[in-house]
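Note sheet for the following structure.
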Amino acid sequence: MKKNWWKKAVVYQVYPRSFYDSNEDGMGDLKGITKKLDYIKALGVNALWLCPVYQSPMDDNGYDISDYYHIDPSFGTDEDMDELIYEANKRGINIIMDMVINHCSDEHEWFQKAKKNPEGKYGKYFFIKKGKNGNPPNNWRSIFGGSAWEAIEGTPYYYLHLFTKKQVDFNWENQELREEIYKMMNWWLDKGIAGFRMDAITYIKKAEGLPSFESDGEDGMVSVSYGSLNQKGIGNFLTELRDRTYGKRNAMTVGETAGVPDEEVVDFISQENGYFSMIFDFSYCQLNLFEPNYYWYETRKWTPEDVKREMFHSHGLAGEKGWLGVCLENHDQPRCIDHYLYPDGRNYYGASMLAVMQMMLRGTPYIYQGQELGMRNCRFASIEEYDDCSTKNQYAGARKEGYSHKEAMEFMFDMSRDNARTPFQWNKSENAGFSIKTPWLKVNENYHEVNAEKQMKEQGSIWNWYKELIELRISSEYTEILTEGSMCPIMEEQKNLLAYKRVWQDKEVVVLCNYQGEEQKAQLSNKWKKVIKDNYGKVISEEKETLLLRPYEAVILEM
Ligand code: NOJ
């Protein structure tokens, strides 16, 4: 594979539980993904990020791994994984595994041994400490709510967990543990996978001594981020991790890296020697929240100008040296049509405009399963119907804060991670063609209208629009400029116009997104040569310098 091959990749993210059920148990599996590889290929992408499929008790749907070397039986067998890698590679699709190494499951053998002997070898793989006067060792609040410490029954010890109490944090200071992790990651690379998505990776370093901090809430606790997010010295861990594993192999990595300060972005993503090939730009994902990363049950109003500001800020930081992973959705976020559009734009035009905005940016685009169909958020009838641990915690938090059941449910409708996790909508048959058994999670009722079979046949569907943009991006005369070209915002002052140009050698491409339900004029600084794409089909323009943009119109021009 060519050096930095990921720059010409478009990645499709699969959430295996919800993609396709091949063995009729109501849950998606690896054979199901293999069966649908031709669908993924038809869209035109060349890489596939697979959310965790390792053995796991599934407290957080696989982000709690109990054995890194084996596949969870609910997804199939180790041989099914080999088959998927083989069949994907055959079709020119690179497999990117999700790698969760900030924590493992409490059912992992290492933690089981650690519990038996907290002061022994395996106890040192984790943060296990004695409590203070019957209280946990410090006042950190876990990301999913409640104390970040859990008592080990029958002992004076507690263990640290930044996420659920079944996700135990590794102690990265311990070299033996680090060696185990490198061995395991190299083992996966040897199998023929093309890289990793690095889960929660900026949490691996904890503040020395694990001190308490001044409380930031009425519960007397403080967000774990103070003592565990992007802490001083994390760079040494990340450098060693890279050099001992993927760095030697031209493998792609994308970091899920909350909390990277502006001045450190290039250290993470420089194409020369960054810790990763790229990191996700999440800057605009939580614009609608009061407290990013925490109480997502309290939302606030956002505007397209906020999205624009945040997006351009990140791209400014990445500059020409760096490289970003650009996404609008993933398995933790609501669907983009509901998340980034006002109700008047929740239609074909809004969805296709978002696609243009994302797909023409400098960086590697990620499409989350169903995004290419315009899948939507899903309203569940009761809190019991939800599966996600974080949703349940947020609901409980909202009720505790005094919100009524109805109000709390409204927050869940907007922000629950299960919005993105409902079964993939293949066709209009029962359960959207996902499974002949009752699916593990409710199917969105709109599947008669929104499904792959229908959209693949339909000219002018969202699916076909994504396919065209992917082709433009990775196999057209514009591939070089859309990959290597610099990116620069234009007409930044014009309200609700999100516009930028890509420039490479003597070529220039301009992208215009009318991010509002009203028309507006766009005045270019010179004439365009060709309309490459327009989600309305044809532009309204006089003199090739002025365009009248209709509601949510998106235009790509060659200048
Ligand atoms: C980020 C993952 O995307 C999310 O689904 C998970 O709950 C946390 N990391 C913990 O692993």
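Convention: chains lettered A, B, ... in structure tokens order; per-chain residue numbering from 1; ligands numbered from 1 as shown.
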
Using only C-alpha atoms and all ligand atoms, what table do you get, as JSON lines, when you list each residue of chain A with an atom no more than 9 Å from ligand 1, its nearest pair of atoms, and their distance in Å rounded to one decimal, rows by chain then rising number?
```
{"residue": "A:Cys51", "atom": "CA", "partner": "ligand 1", "partner_atom_place_in_ligand_line": "3 (O)", "distance": 8.4}
{"residue": "A:Asp60", "atom": "CA", "partner": "ligand 1", "partner_atom_place_in_ligand_line": "7 (O)", "distance": 5.8}
{"residue": "A:Asn61", "atom": "CA", "partner": "ligand 1", "partner_atom_place_in_ligand_line": "5 (O)", "distance": 7.7}
{"residue": "A:Gly62", "atom": "CA", "partner": "ligand 1", "partner_atom_place_in_ligand_line": "11 (O)", "distance": 8.3}
{"residue": "A:Tyr63", "atom": "CA", "partner": "ligand 1", "partner_atom_place_in_ligand_line": "11 (O)", "distance": 4.6}
{"residue": "A:Asp64", "atom": "CA", "partner": "ligand 1", "partner_atom_place_in_ligand_line": "11 (O)", "distance": 6.8}
{"residue": "A:Val100", "atom": "CA", "partner": "ligand 1", "partner_atom_place_in_ligand_line": "11 (O)", "distance": 6.4}
{"residue": "A:Ile101", "atom": "CA", "partner": "ligand 1", "partner_atom_place_in_ligand_line": "11 (O)", "distance": 8.7}
{"residue": "A:Asn102", "atom": "CA", "partner": "ligand 1", "partner_atom_place_in_ligand_line": "11 (O)", "distance": 7.7}
{"residue": "A:His103", "atom": "CA", "partner": "ligand 1", "partner_atom_place_in_ligand_line": "11 (O)", "distance": 7.4}
{"residue": "A:Cys104", "atom": "CA", "partner": "ligand 1", "partner_atom_place_in_ligand_line": "11 (O)", "distance": 8.8}
{"residue": "A:Ile143", "atom": "CA", "partner": "ligand 1", "partner_atom_place_in_ligand_line": "10 (C)", "distance": 8.9}
{"residue": "A:Phe144", "atom": "CA", "partner": "ligand 1", "partner_atom_place_in_ligand_line": "7 (O)", "distance": 8.6}
{"residue": "A:Leu162", "atom": "CA", "partner": "ligand 1", "partner_atom_place_in_ligand_line": "10 (C)", "distance": 8.4}
{"residue": "A:Phe163", "atom": "CA", "partner": "ligand 1", "partner_atom_place_in_ligand_line": "10 (C)", "distance": 6.1}
{"residue": "A:Thr164", "atom": "CA", "partner": "ligand 1", "partner_atom_place_in_ligand_line": "10 (C)", "distance": 8.2}
{"residue": "A:Gln167", "atom": "CA", "partner": "ligand 1", "partner_atom_place_in_ligand_line": "11 (O)", "distance": 7.8}
{"residue": "A:Met198", "atom": "CA", "partner": "ligand 1", "partner_atom_place_in_ligand_line": "1 (C)", "distance": 8.9}
{"residue": "A:Asp199", "atom": "CA", "partner": "ligand 1", "partner_atom_place_in_ligand_line": "9 (N)", "distance": 5.4}
{"residue": "A:Ala200", "atom": "CA", "partner": "ligand 1", "partner_atom_place_in_ligand_line": "9 (N)", "distance": 5.1}
{"residue": "A:Ile201", "atom": "CA", "partner": "ligand 1", "partner_atom_place_in_ligand_line": "9 (N)", "distance": 8.7}
{"residue": "A:Glu256", "atom": "CA", "partner": "ligand 1", "partner_atom_place_in_ligand_line": "1 (C)", "distance": 7.2}
{"residue": "A:Asn330", "atom": "CA", "partner": "ligand 1", "partner_atom_place_in_ligand_line": "3 (O)", "distance": 7.8}
{"residue": "A:His331", "atom": "CA", "partner": "ligand 1", "partner_atom_place_in_ligand_line": "5 (O)", "distance": 6.5}
{"residue": "A:Asp332", "atom": "CA", "partner": "ligand 1", "partner_atom_place_in_ligand_line": "5 (O)", "distance": 5.5}
{"residue": "A:Asp388", "atom": "CA", "partner": "ligand 1", "partner_atom_place_in_ligand_line": "7 (O)", "distance": 9.0}
{"residue": "A:Cys389", "atom": "CA", "partner": "ligand 1", "partner_atom_place_in_ligand_line": "7 (O)", "distance": 8.4}
{"residue": "A:Ser390", "atom": "CA", "partner": "ligand 1", "partner_atom_place_in_ligand_line": "7 (O)", "distance": 7.6}
{"residue": "A:Arg417", "atom": "CA", "partner": "ligand 1", "partner_atom_place_in_ligand_line": "5 (O)", "distance": 8.3}
```

* Asked: Can you list, as a PyMOL selection string, every protein, DNA or RNA residue that comes within 7 Å of Cys513 (chain A) when you count only C-alpha atoms, leaving out same-chain residues fewer than 4 positions away?
  -> chain A and resi 353+357+497-499+552-555

Please write the residues from the selection above to a file, keeping N, CA and C atoms, as a PDB file, in the first residue's frame.
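Contents of selection.pdb, as written:
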```
ATOM      1  N   MET A 353     -26.882  18.496   1.311  1.00  0.00           N
ATOM      2  CA  MET A 353     -25.970  19.606   1.593  1.00  0.00           C
ATOM      3  C   MET A 353     -24.947  19.208   2.662  1.00  0.00           C
ATOM      4  N   MET A 357     -20.870  19.238   2.392  1.00  0.00           N
ATOM      5  CA  MET A 357     -20.062  19.952   3.390  1.00  0.00           C
ATOM      6  C   MET A 357     -18.984  19.032   3.952  1.00  0.00           C
ATOM      7  N   LEU A 497     -23.798  30.863   5.290  1.00  0.00           N
ATOM      8  CA  LEU A 497     -23.171  30.339   4.077  1.00  0.00           C
ATOM      9  C   LEU A 497     -21.883  29.662   4.533  1.00  0.00           C
ATOM     10  N   LEU A 498     -21.827  28.348   4.336  1.00  0.00           N
ATOM     11  CA  LEU A 498     -20.602  27.646   4.713  1.00  0.00           C
ATOM     12  C   LEU A 498     -19.857  27.363   3.403  1.00  0.00           C
ATOM     13  N   ALA A 499     -18.773  28.094   3.195  1.00  0.00           N
ATOM     14  CA  ALA A 499     -18.104  28.019   1.888  1.00  0.00           C
ATOM     15  C   ALA A 499     -16.596  27.904   2.073  1.00  0.00           C
ATOM     16  N   TYR A 552     -30.867  25.269   1.403  1.00  0.00           N
ATOM     17  CA  TYR A 552     -29.990  24.097   1.577  1.00  0.00           C
ATOM     18  C   TYR A 552     -29.376  23.617   0.256  1.00  0.00           C
ATOM     19  N   GLU A 553     -29.152  24.544  -0.629  1.00  0.00           N
ATOM     20  CA  GLU A 553     -28.472  24.164  -1.883  1.00  0.00           C
ATOM     21  C   GLU A 553     -26.975  24.018  -1.620  1.00  0.00           C
ATOM     22  N   ALA A 554     -26.382  23.024  -2.263  1.00  0.00           N
ATOM     23  CA  ALA A 554     -24.931  22.824  -2.153  1.00  0.00           C
ATOM     24  C   ALA A 554     -24.364  22.702  -3.560  1.00  0.00           C
ATOM     25  N   VAL A 555     -23.332  23.483  -3.812  1.00  0.00           N
ATOM     26  CA  VAL A 555     -22.764  23.522  -5.161  1.00  0.00           C
ATOM     27  C   VAL A 555     -21.248  23.318  -5.081  1.00  0.00           C
TER      28      VAL A 555
END
```

* To do: Please report, as a ChimeraX atom specification, each residue of region 310-530 of chain A to which DSSP assigns helix (DSSP H, G or I) when run on this structure's backbone.
  => /A:310-318,336-340,343-345,348-359,371-373,383-385,389-400,405-415,417-419,430-433,445-448,452-457,462-474,479-484

Which residues, written as a short mmCIF file (atom, residue, chain, number, x, y, z; two decimals) with all heavy atoms, in the first residue's frame, have at least one atom at most 8 Å from Phe127 (chain A), with only C-alpha atoms counted and residues fewer than 5 positions away on the same chain left out?
```cif
data_model
loop_
_atom_site.label_atom_id
_atom_site.label_comp_id
_atom_site.auth_asym_id
_atom_site.auth_seq_id
_atom_site.Cartn_x
_atom_site.Cartn_y
_atom_site.Cartn_z
N TYR A 159 -11.26 0.00 42.67
CA TYR A 159 -10.58 0.13 41.37
C TYR A 159 -11.16 1.28 40.58
O TYR A 159 -12.35 1.63 40.74
CB TYR A 159 -10.64 -1.18 40.56
CG TYR A 159 -12.03 -1.60 40.14
CD1 TYR A 159 -12.60 -1.14 38.95
CD2 TYR A 159 -12.78 -2.47 40.94
CE1 TYR A 159 -13.87 -1.53 38.56
CE2 TYR A 159 -14.07 -2.86 40.55
CZ TYR A 159 -14.60 -2.39 39.37
OH TYR A 159 -15.86 -2.77 38.98
N LEU A 160 -10.35 1.84 39.72
CA LEU A 160 -10.75 3.01 38.94
C LEU A 160 -11.39 2.61 37.61
O LEU A 160 -10.87 1.75 36.90
CB LEU A 160 -9.50 3.88 38.64
CG LEU A 160 -9.72 5.14 37.80
CD1 LEU A 160 -10.53 6.18 38.56
CD2 LEU A 160 -8.39 5.74 37.35
N ASP A 169 -10.05 0.67 34.19
CA ASP A 169 -8.93 1.38 33.54
C ASP A 169 -7.60 0.68 33.73
O ASP A 169 -7.25 0.25 34.84
CB ASP A 169 -8.84 2.81 34.07
CG ASP A 169 -9.80 3.70 33.33
OD1 ASP A 169 -11.02 3.45 33.42
OD2 ASP A 169 -9.33 4.62 32.63
N PHE A 170 -6.85 0.61 32.63
CA PHE A 170 -5.49 0.06 32.69
C PHE A 170 -4.55 1.09 33.28
O PHE A 170 -4.71 2.30 33.05
CB PHE A 170 -4.98 -0.25 31.27
CG PHE A 170 -5.53 -1.52 30.69
CD1 PHE A 170 -6.08 -1.53 29.41
CD2 PHE A 170 -5.44 -2.72 31.39
CE1 PHE A 170 -6.55 -2.70 28.84
CE2 PHE A 170 -5.92 -3.90 30.82
CZ PHE A 170 -6.47 -3.89 29.55
N ASN A 171 -3.53 0.58 33.94
CA ASN A 171 -2.46 1.45 34.43
C ASN A 171 -1.32 1.44 33.41
O ASN A 171 -0.48 0.54 33.40
CB ASN A 171 -1.98 0.95 35.79
CG ASN A 171 -0.85 1.80 36.32
OD1 ASN A 171 -0.43 2.77 35.69
ND2 ASN A 171 -0.34 1.44 37.50
#
```

* To do: Pick out the residues sitting within 6 Å of region 78-93 of chain A, and hand them over as a PyMOL selection string; count only C-alpha atoms, and ignore anything fewer than 3 positions along from it in its own chain.
  => chain A and resi 34+46-47+71

* DSSP strand (DSSP E or B) residues within region 40-122 of chain A, as a PyMOL selection string -> chain A and resi 47-50+54-55+67-71+94-99+103-105

Those residues you just picked out, can you put them in a file as an mmCIF file, in the first residue's frame with N, CA and C atoms?
```cif
data_model
loop_
_atom_site.group_PDB
_atom_site.id
_atom_site.type_symbol
_atom_site.label_atom_id
_atom_site.label_comp_id
_atom_site.auth_asym_id
_atom_site.auth_seq_id
_atom_site.Cartn_x
_atom_site.Cartn_y
_atom_site.Cartn_z
ATOM 1 N N ALA A 47 -12.496 1.511 2.769
ATOM 2 C CA ALA A 47 -12.074 1.077 4.106
ATOM 3 C C ALA A 47 -13.305 0.900 4.981
ATOM 4 N N LEU A 48 -13.174 -0.003 5.946
ATOM 5 C CA LEU A 48 -14.311 -0.312 6.814
ATOM 6 C C LEU A 48 -13.841 -0.324 8.262
ATOM 7 N N TRP A 49 -14.420 0.559 9.049
ATOM 8 C CA TRP A 49 -14.112 0.554 10.500
ATOM 9 C C TRP A 49 -15.173 -0.289 11.177
ATOM 10 N N LEU A 50 -14.659 -1.300 11.858
ATOM 11 C CA LEU A 50 -15.524 -2.253 12.528
ATOM 12 C C LEU A 50 -15.539 -1.923 14.020
ATOM 13 N N TYR A 54 -14.645 -8.154 19.700
ATOM 14 C CA TYR A 54 -13.892 -9.070 20.573
ATOM 15 C C TYR A 54 -14.824 -9.644 21.644
ATOM 16 N N GLN A 55 -14.319 -10.672 22.343
ATOM 17 C CA GLN A 55 -15.147 -11.248 23.417
ATOM 18 C C GLN A 55 -15.433 -10.197 24.478
ATOM 19 N N ASP A 67 -11.540 -10.561 26.155
ATOM 20 C CA ASP A 67 -10.459 -11.309 25.505
ATOM 21 C C ASP A 67 -10.187 -10.672 24.152
ATOM 22 N N TYR A 68 -8.990 -10.087 24.018
ATOM 23 C CA TYR A 68 -8.657 -9.332 22.807
ATOM 24 C C TYR A 68 -8.339 -10.233 21.613
ATOM 25 N N TYR A 69 -8.112 -11.518 21.879
ATOM 26 C CA TYR A 69 -7.655 -12.397 20.802
ATOM 27 C C TYR A 69 -8.797 -13.197 20.168
ATOM 28 N N HIS A 70 -9.967 -13.101 20.744
ATOM 29 C CA HIS A 70 -11.069 -13.915 20.207
ATOM 30 C C HIS A 70 -12.327 -13.097 19.963
ATOM 31 N N ILE A 71 -13.109 -13.630 19.036
ATOM 32 C CA ILE A 71 -14.360 -12.975 18.636
ATOM 33 C C ILE A 71 -15.470 -13.382 19.598
ATOM 34 N N ASN A 94 -10.169 -2.085 3.088
ATOM 35 C CA ASN A 94 -9.261 -2.300 4.220
ATOM 36 C C ASN A 94 -10.036 -2.324 5.527
ATOM 37 N N ILE A 95 -9.686 -3.278 6.377
ATOM 38 C CA ILE A 95 -10.398 -3.362 7.665
ATOM 39 C C ILE A 95 -9.638 -2.601 8.755
ATOM 40 N N ILE A 96 -10.364 -1.713 9.405
ATOM 41 C CA ILE A 96 -9.831 -0.947 10.542
ATOM 42 C C ILE A 96 -10.543 -1.469 11.793
ATOM 43 N N MET A 97 -9.771 -2.012 12.732
ATOM 44 C CA MET A 97 -10.385 -2.553 13.963
ATOM 45 C C MET A 97 -10.478 -1.455 15.022
ATOM 46 N N ASP A 98 -11.523 -1.521 15.810
ATOM 47 C CA ASP A 98 -11.638 -0.624 16.950
ATOM 48 C C ASP A 98 -10.707 -1.170 18.033
ATOM 49 N N MET A 99 -9.880 -0.351 18.604
ATOM 50 C CA MET A 99 -8.925 -0.835 19.607
ATOM 51 C C MET A 99 -9.187 -0.091 20.922
ATOM 52 N N HIS A 103 -9.106 0.757 28.741
ATOM 53 C CA HIS A 103 -9.723 -0.080 29.774
ATOM 54 C C HIS A 103 -10.049 -1.443 29.191
ATOM 55 N N CYS A 104 -10.339 -2.393 30.074
ATOM 56 C CA CYS A 104 -10.844 -3.684 29.604
ATOM 57 C C CYS A 104 -12.043 -4.043 30.482
ATOM 58 N N SER A 105 -12.629 -5.192 30.185
ATOM 59 C CA SER A 105 -13.792 -5.609 30.973
ATOM 60 C C SER A 105 -13.348 -6.100 32.353
#
```

Would you mind listing, for every residue of region 166-261 of chain A within 7 Å of region 137-140 of chain A, the two atoms forming the shortest contact and the distance between them in Å to one decimal, using only C-alpha atoms, sorted by chain and ascending residue number, as a Markdown table?
```
| residue | atom | partner | partner_atom | distance |
| --- | --- | --- | --- | --- |
| A:Pro211 | CA | A:Asn138 | CA | 6.4 |
| A:Ser212 | CA | A:Asn138 | CA | 4.9 |
| A:Met221 | CA | A:Asn139 | CA | 4.9 |
| A:Val222 | CA | A:Trp140 | CA | 5.1 |
| A:Ser223 | CA | A:Trp140 | CA | 5.8 |
| A:Val224 | CA | A:Trp140 | CA | 5.1 |
```

Export, as a short mmCIF file (atom, residue, chain, number, x, y, z; two decimals), in the first residue's frame, the selected residues with all heavy atoms.
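Dumped to again-v9.cif:
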```cif
data_model
loop_
_atom_site.label_atom_id
_atom_site.label_comp_id
_atom_site.auth_asym_id
_atom_site.auth_seq_id
_atom_site.Cartn_x
_atom_site.Cartn_y
_atom_site.Cartn_z
N PRO A 211 -4.98 12.68 42.38
CA PRO A 211 -5.50 13.60 43.41
C PRO A 211 -6.98 13.94 43.23
O PRO A 211 -7.50 13.89 42.11
CB PRO A 211 -4.67 14.87 43.18
CG PRO A 211 -4.32 14.82 41.73
CD PRO A 211 -4.18 13.36 41.36
N SER A 212 -7.63 14.30 44.33
CA SER A 212 -8.98 14.87 44.24
C SER A 212 -8.85 16.30 43.74
O SER A 212 -7.80 16.93 43.89
CB SER A 212 -9.64 14.91 45.62
OG SER A 212 -10.06 13.62 45.98
N MET A 221 -18.53 15.68 43.53
CA MET A 221 -17.50 15.03 42.71
C MET A 221 -17.01 15.99 41.62
O MET A 221 -17.47 17.11 41.49
CB MET A 221 -18.07 13.75 42.09
CG MET A 221 -18.31 12.67 43.14
SD MET A 221 -18.77 11.10 42.40
CE MET A 221 -20.53 11.19 42.46
N VAL A 222 -16.05 15.49 40.84
CA VAL A 222 -15.48 16.31 39.79
C VAL A 222 -15.30 15.41 38.55
O VAL A 222 -15.01 14.23 38.68
CB VAL A 222 -14.14 16.94 40.26
CG1 VAL A 222 -13.08 15.87 40.53
CG2 VAL A 222 -13.61 17.94 39.26
N SER A 223 -15.48 16.00 37.38
CA SER A 223 -15.33 15.23 36.15
C SER A 223 -13.95 14.57 36.10
O SER A 223 -12.94 15.19 36.44
CB SER A 223 -15.49 16.17 34.95
OG SER A 223 -14.91 15.60 33.81
N VAL A 224 -13.92 13.33 35.64
CA VAL A 224 -12.64 12.62 35.56
C VAL A 224 -11.65 13.32 34.63
O VAL A 224 -10.45 13.08 34.70
CB VAL A 224 -12.78 11.16 35.05
CG1 VAL A 224 -13.39 10.26 36.09
CG2 VAL A 224 -13.53 11.08 33.73
#
```

* From A:Cys488, A:Ala396, A:Leu317, A:Ile462, residue lying nearest Ala351 (chain A) [only C-alpha atoms] ->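 Ranked by minimum distance to Ala351 (chain A), first place goes to A:Ile462.
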